[in-house]
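Input: a single structure, listed below in structure tokens.
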Amino acid sequence: MRNQKRIRDYGVEIGKMKPGVLNAITDVEGVSIGHVTLSEGDMQTGVTAILPHQGDLFHEKLIASSHVINGFGKTMGTIQLAELGTLETPIVLTNTLNVGTAANAVIDYMLEKNPDIGNTTGTVNPVIGECNDMFLNDVRGRFVKEEHVRQALDNTAVEFEEGAVGAGRGMLCYSLKGGIGTASRIMEQEHGTYTIGVLVLSNFGMLSDLTIDGNPIGEALKKNIQQTHKEEDKGSVMVIVATDLPLSERQLNRILKRAVTGLSRTGSIITNGSGEIVLGFSTANKIPHAKPEKTLSIETIHEDDLDEAFRAVGEAVEEAVLNSLITAEAVVGRYGNERPALKELLEKYAMTLKDL
């Protein structure tokens with residue numbers, strides 16, 4: 001988006017299903033994304049905010065769920081998410097050691113918008129995700145401040161940048177420059193047309209494993225790159241799934257579990273030291289914070305309709321990861337560390353993705 005060249009612009013079309021208009025998580029109506037990127041010398045980091053709908057999130061909660069593929073991660077807020085099955089705040093992504101800062105900022109944001117929190121009603125559960133950007137970023141510097149998180153929250157939009165931006169600034173993917181990527185899929189069902197959108201913060205994988213549309217291009221690229229480090233997969237990936245499909249928390253959780261199919265098709269083997277966490281929400285039902293006088297009526301699809309959603313989330317995750325790679329530019333960071341960008345390698349070696 002925003003005039004960036006994405007994986008489809010290189011002639012690679014992932015899967016069988018049709019993408020949304022933007023081919024982004026924001027194809028789900030109401031969802032918006034904000035970034036703040038911090039880039040100077042050893043400071044190569046940032047924050048990305050996901051606003052699930054444009055109303056009052058605390059009083060109009062969304063059906064939500066989380067799934068841990070491999071638990072080498074340090075997210076916040078997922079315990080209550082799993083227990084209650086609802087989301088009541090924006091989701092913020094940043095680096096590992098700034099999770100607390102992000103949580104403080106989200107709490108302040110919610111208190112400002114809702115004077116009743118902690119006064120006439122209960123407290124609030126901020127949802128924060130992270131990946132470790134310490135190769136390119138001096139993570140001990142804890143450069144992300146509360147004002148950066150607030151800036152991201154206050155400046156979300158439907159169209160946004162991908163690659164080495166926001167929380168993705170210092171992230172690596174398949175030993176190349178990674179970061180933020182997004183994609184979506186349209187589902188035509190008898191009772192309506194729906195969208196599944198995905199945003200990833202990619203920071204995982206080894207170059208030798210990288211696969212694009214079934215082609216093991218990582219091995220071909222590795223032959224052209226002088227390796228100055230031992231390849232290890234000790235990163236992470238945060239996967240955020242949004243949909244307007246009417247779902248129960250249980251059904252949504254079943255969809256989130258299928259995100260692993262998209263990761264695996266890019267070459268991930270989900271290693272011991274890599275944290276793969278999936279968070280998701282549906283905008284179809286609003287759950288009131290205050291107890292109504294009558295019982296709640298929640299629309300859900302039939303189980304037989306889930307297969308299309310399973311395919312959609314896998315395709316969108318796969319394409320989002322590839323978009324995070326192809327839109328990223330090379331970054332020189334801490335100690336002069338750097339990783340090449342996929343698009344720059346293709347240009348340098350006069351290769352196309354089809355050649356590989």
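If you're wondering about the labels, chains in the structure tokens are A, B, ... by order shown, residues count from 1 in each chain, ligands from 1 in order shown.
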Where in range 192-297 of chain A does DSSP assign strand (DSSP E), given as a PDB file with C-alpha atoms, in the first residue's frame?
ATOM      1  CA  GLY A 192     -23.251 -12.895   2.902  1.00  0.00           C
ATOM      2  CA  THR A 193     -19.820 -11.747   1.752  1.00  0.00           C
ATOM      3  CA  TYR A 194     -17.154 -11.561   4.435  1.00  0.00           C
ATOM      4  CA  THR A 195     -13.475 -10.671   4.814  1.00  0.00           C
ATOM      5  CA  ILE A 196     -10.546 -12.096   6.730  1.00  0.00           C
ATOM      6  CA  GLY A 197      -7.599  -9.717   7.102  1.00  0.00           C
ATOM      7  CA  VAL A 198      -4.172 -10.431   8.569  1.00  0.00           C
ATOM      8  CA  LEU A 199      -1.312  -8.288   9.824  1.00  0.00           C
ATOM      9  CA  VAL A 200       2.021  -9.856  10.749  1.00  0.00           C
ATOM     10  CA  LEU A 201       5.066  -8.630  12.626  1.00  0.00           C
ATOM     11  CA  SER A 202       7.638 -10.991  11.093  1.00  0.00           C
ATOM     12  CA  ASN A 203      10.872 -11.791  12.934  1.00  0.00           C
ATOM     13  CA  SER A 236       9.149 -14.530  16.696  1.00  0.00           C
ATOM     14  CA  VAL A 237       6.050 -13.623  14.751  1.00  0.00           C
ATOM     15  CA  MET A 238       2.907 -11.881  15.893  1.00  0.00           C
ATOM     16  CA  VAL A 239      -0.117 -12.629  13.727  1.00  0.00           C
ATOM     17  CA  ILE A 240      -3.201 -10.418  14.080  1.00  0.00           C
ATOM     18  CA  VAL A 241      -6.372 -11.745  12.435  1.00  0.00           C
ATOM     19  CA  ALA A 242      -9.446  -9.559  11.883  1.00  0.00           C
ATOM     20  CA  THR A 243     -12.743 -10.614  10.333  1.00  0.00           C
ATOM     21  CA  GLY A 275       7.586 -17.379  19.526  1.00  0.00           C
ATOM     22  CA  GLU A 276       4.536 -17.676  17.272  1.00  0.00           C
ATOM     23  CA  ILE A 277       1.471 -15.985  18.755  1.00  0.00           C
ATOM     24  CA  VAL A 278      -1.869 -15.414  17.000  1.00  0.00           C
ATOM     25  CA  LEU A 279      -4.464 -12.886  18.198  1.00  0.00           C
ATOM     26  CA  GLY A 280      -7.795 -12.398  16.498  1.00  0.00           C
ATOM     27  CA  PHE A 281     -11.144 -10.662  16.700  1.00  0.00           C
ATOM     28  CA  SER A 282     -14.470 -10.519  14.885  1.00  0.00           C
ATOM     29  CA  THR A 283     -16.302  -7.229  14.350  1.00  0.00           C
ATOM     30  CA  ALA A 284     -19.645  -8.904  13.634  1.00  0.00           C
ATOM     31  CA  ASN A 285     -20.952  -8.868  17.213  1.00  0.00           C
ATOM     32  CA  LYS A 286     -20.583  -6.131  19.801  1.00  0.00           C
ATOM     33  CA  ILE A 287     -20.647  -7.328  23.407  1.00  0.00           C
ATOM     34  CA  PRO A 288     -21.899  -4.630  25.826  1.00  0.00           C
TER      35      PRO A 288
END
Spatial neighbours of Thr123 in chain A, max dist 12 Å, only C-alpha atoms, sep filter under 3 positions, as a ChimeraX atom specification: /A:58,80,88-89,107-108,110-111,114-120,126,289
Next, the residues of the selection above should be written as a PDB file, in the first residue's frame with C-alpha atoms.
ATOM      1  CA  PHE A  58     -14.479  -0.766  26.247  1.00  0.00           C
ATOM      2  CA  GLN A  80      -8.219 -12.536  30.079  1.00  0.00           C
ATOM      3  CA  GLU A  88     -11.772  -4.260  24.979  1.00  0.00           C
ATOM      4  CA  THR A  89      -8.690  -2.271  23.919  1.00  0.00           C
ATOM      5  CA  ILE A 107      -4.159   2.074  29.882  1.00  0.00           C
ATOM      6  CA  ASP A 108      -3.866   5.884  29.863  1.00  0.00           C
ATOM      7  CA  MET A 110      -8.486   3.912  27.744  1.00  0.00           C
ATOM      8  CA  LEU A 111      -8.801   5.829  31.047  1.00  0.00           C
ATOM      9  CA  ASN A 114     -13.658   6.041  29.711  1.00  0.00           C
ATOM     10  CA  PRO A 115     -13.909   7.910  33.071  1.00  0.00           C
ATOM     11  CA  ASP A 116     -15.888   5.004  34.540  1.00  0.00           C
ATOM     12  CA  ILE A 117     -12.928   2.552  34.374  1.00  0.00           C
ATOM     13  CA  GLY A 118     -11.654   1.895  37.900  1.00  0.00           C
ATOM     14  CA  ASN A 119     -14.298   4.232  39.286  1.00  0.00           C
ATOM     15  CA  THR A 120     -17.837   2.973  38.782  1.00  0.00           C
ATOM     16  CA  PRO A 126      -4.539  -3.929  27.512  1.00  0.00           C
ATOM     17  CA  HIS A 289     -19.816  -3.951  28.910  1.00  0.00           C
TER      18      HIS A 289
END
Alpha helix (DSSP H) per DSSP on the backbone: members of range 78-320 of chain A, as a ChimeraX atom specification: /A:78-84,99-113,146-154,217-224,249-257,259-265,306-320
Ala309 in chain A environment, 8 Å, only C-alpha atoms, sequence neighbours closer than 3 positions dropped, as a list in words: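 Near neighbours after the sequence-gap exclusion: Met187, Ile196, Ile255, Asp305, Leu306, Ala312 and Val313 of chain A.
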Based on the selection just made, write N, CA and C atoms of those residues as a PDB file, in the first residue's frame.
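See selection.pdb below for the written result:
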ATOM      1  N   MET A 187     -14.570 -13.967   1.370  1.00  0.00           N
ATOM      2  CA  MET A 187     -15.316 -15.224   1.460  1.00  0.00           C
ATOM      3  C   MET A 187     -16.755 -14.985   1.023  1.00  0.00           C
ATOM      4  N   ILE A 196     -11.554 -11.808   5.711  1.00  0.00           N
ATOM      5  CA  ILE A 196     -10.546 -12.096   6.730  1.00  0.00           C
ATOM      6  C   ILE A 196      -9.298 -11.307   6.364  1.00  0.00           C
ATOM      7  N   ILE A 255     -10.143 -20.897  13.790  1.00  0.00           N
ATOM      8  CA  ILE A 255      -9.560 -20.208  12.636  1.00  0.00           C
ATOM      9  C   ILE A 255      -8.124 -19.792  12.937  1.00  0.00           C
ATOM     10  N   ASP A 305     -19.357 -23.900   7.434  1.00  0.00           N
ATOM     11  CA  ASP A 305     -18.861 -22.727   6.714  1.00  0.00           C
ATOM     12  C   ASP A 305     -17.417 -22.381   7.075  1.00  0.00           C
ATOM     13  N   LEU A 306     -16.841 -23.094   8.039  1.00  0.00           N
ATOM     14  CA  LEU A 306     -15.525 -22.720   8.532  1.00  0.00           C
ATOM     15  C   LEU A 306     -14.384 -23.087   7.590  1.00  0.00           C
ATOM     16  N   ALA A 312      -8.802 -19.220   3.986  1.00  0.00           N
ATOM     17  CA  ALA A 312      -8.556 -17.787   3.878  1.00  0.00           C
ATOM     18  C   ALA A 312      -7.459 -17.313   4.814  1.00  0.00           C
ATOM     19  N   VAL A 313      -7.486 -17.770   6.052  1.00  0.00           N
ATOM     20  CA  VAL A 313      -6.487 -17.288   7.007  1.00  0.00           C
ATOM     21  C   VAL A 313      -5.104 -17.811   6.649  1.00  0.00           C
TER      22      VAL A 313
END
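As for CA of Ile270 in chain A and CA of Arg258 in chain A, they are spaced 13.7 Å apart.
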Contact check, range 70-156 of chain A to range 35-42 of chain A, at most 8 Å, counting only C-alpha atoms, closest pairs as CSV:
residue,atom,partner,partner_atom,distance
A:Leu136,CA,A:Asp42,CA,7.1
A:Asn137,CA,A:Asp42,CA,5.5
A:Asp138,CA,A:Asp42,CA,5.5
A:Phe143,CA,A:Leu38,CA,7.9
A:Val144,CA,A:Leu38,CA,7.8
A:His148,CA,A:Val36,CA,6.2
A:Val149,CA,A:Val36,CA,7.4
A:Gln151,CA,A:Val36,CA,7.0
A:Ala152,CA,A:His35,CA,5.0
A:Asn155,CA,A:His35,CA,7.8
A:Thr156,CA,A:His35,CA,7.5
Contact residues around Glu315 in chain A with only C-alpha atoms at 8 Å, ignoring same-chain residues under 2 positions, as a list in words: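 Residues near the query, excluding close chain neighbours: Ile14, Gly15, Met17, Arg185, Gly262, Arg311, Ala312, Val313, Val317, Glu318 and Glu319 of chain A.
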Pairwise distance for CA of Gly141 in chain A and CA of Gln44 in chain A, rounded to one decimal in Å: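 Taking CA of Gly141 in chain A as the start and CA of Gln44 in chain A as the end point, the length is 10.4 Å.
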Residue among A:Ala102, A:Ala24, A:Cys131, A:Leu345 lying closest to Lys222 in chain A, counting only C-alpha atoms: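 Closest candidate: A:Leu345.
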Contact residues around Leu22 in chain A with only C-alpha atoms at 12 Å, ignoring same-chain residues under 2 positions, as a PyMOL selection string: chain A and resi 1-4+6+18-20+24-29+158-161+182-186+195+197-198
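Minimum atom-to-atom distance to Glu83 in chain A, evaluated using only C-alpha atoms, belongs to A:Glu249 out of A:Glu249, A:Glu112, A:Glu308, A:Glu130.
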Coordinates-based distance that separates CA of Asp209 in chain A from CA of Tyr174 in chain A (Å, one decimal):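 Going from CA of Tyr174 in chain A over to CA of Asp209 in chain A covers 7.4 Å.
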If we count only C-alpha atoms, what is near range 90-101 of chain A at a cut-off of 7 Å, once residues fewer than 3 positions away on the same chain are taken out, given as a short mmCIF file (atom, residue, chain, number, x, y, z; two decimals) with C-alpha atoms, in the first residue's frame?
data_model
loop_
_atom_site.label_atom_id
_atom_site.label_comp_id
_atom_site.auth_asym_id
_atom_site.auth_seq_id
_atom_site.Cartn_x
_atom_site.Cartn_y
_atom_site.Cartn_z
CA GLY A 46 8.95 1.44 16.84
CA VAL A 47 5.34 0.72 17.59
CA THR A 48 2.32 -0.41 15.58
CA ALA A 49 -1.26 0.05 16.80
CA ILE A 50 -4.28 -1.91 15.60
CA LEU A 51 -7.64 -0.27 16.25
CA PRO A 52 -10.32 -2.99 15.89
CA LYS A 74 5.97 -12.17 26.14
CA ASN A 104 0.95 1.96 30.33
CA ALA A 105 0.16 4.02 27.25
CA VAL A 127 -3.40 -6.36 24.82
CA ILE A 128 0.24 -6.01 23.80
CA GLY A 129 2.37 -8.17 21.48
CA GLU A 130 6.12 -8.17 20.93
CA CYS A 131 9.08 -9.46 18.96
CA ASN A 132 12.78 -9.12 19.80
CA ASP A 133 14.61 -6.64 17.55
CA VAL A 139 16.77 -3.10 22.84
CA ARG A 142 13.98 1.05 25.51
CA VAL A 144 9.75 3.49 22.64
CA LYS A 145 8.06 5.94 25.00
CA GLU A 146 4.43 6.31 25.97
CA ALA A 167 7.17 -2.22 15.33
#
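Considering the residues A:Gly166, A:Pro246, A:Gly314, A:Gly218 and counting only C-alpha atoms, Thr261 in chain A has its shortest atom-to-atom contact with A:Gly314.
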Distance criterion (only C-alpha atoms): nearest to Ser65 in chain A out of A:Ala330, A:Leu256, A:Ile180, A:Ala220: A:Leu256
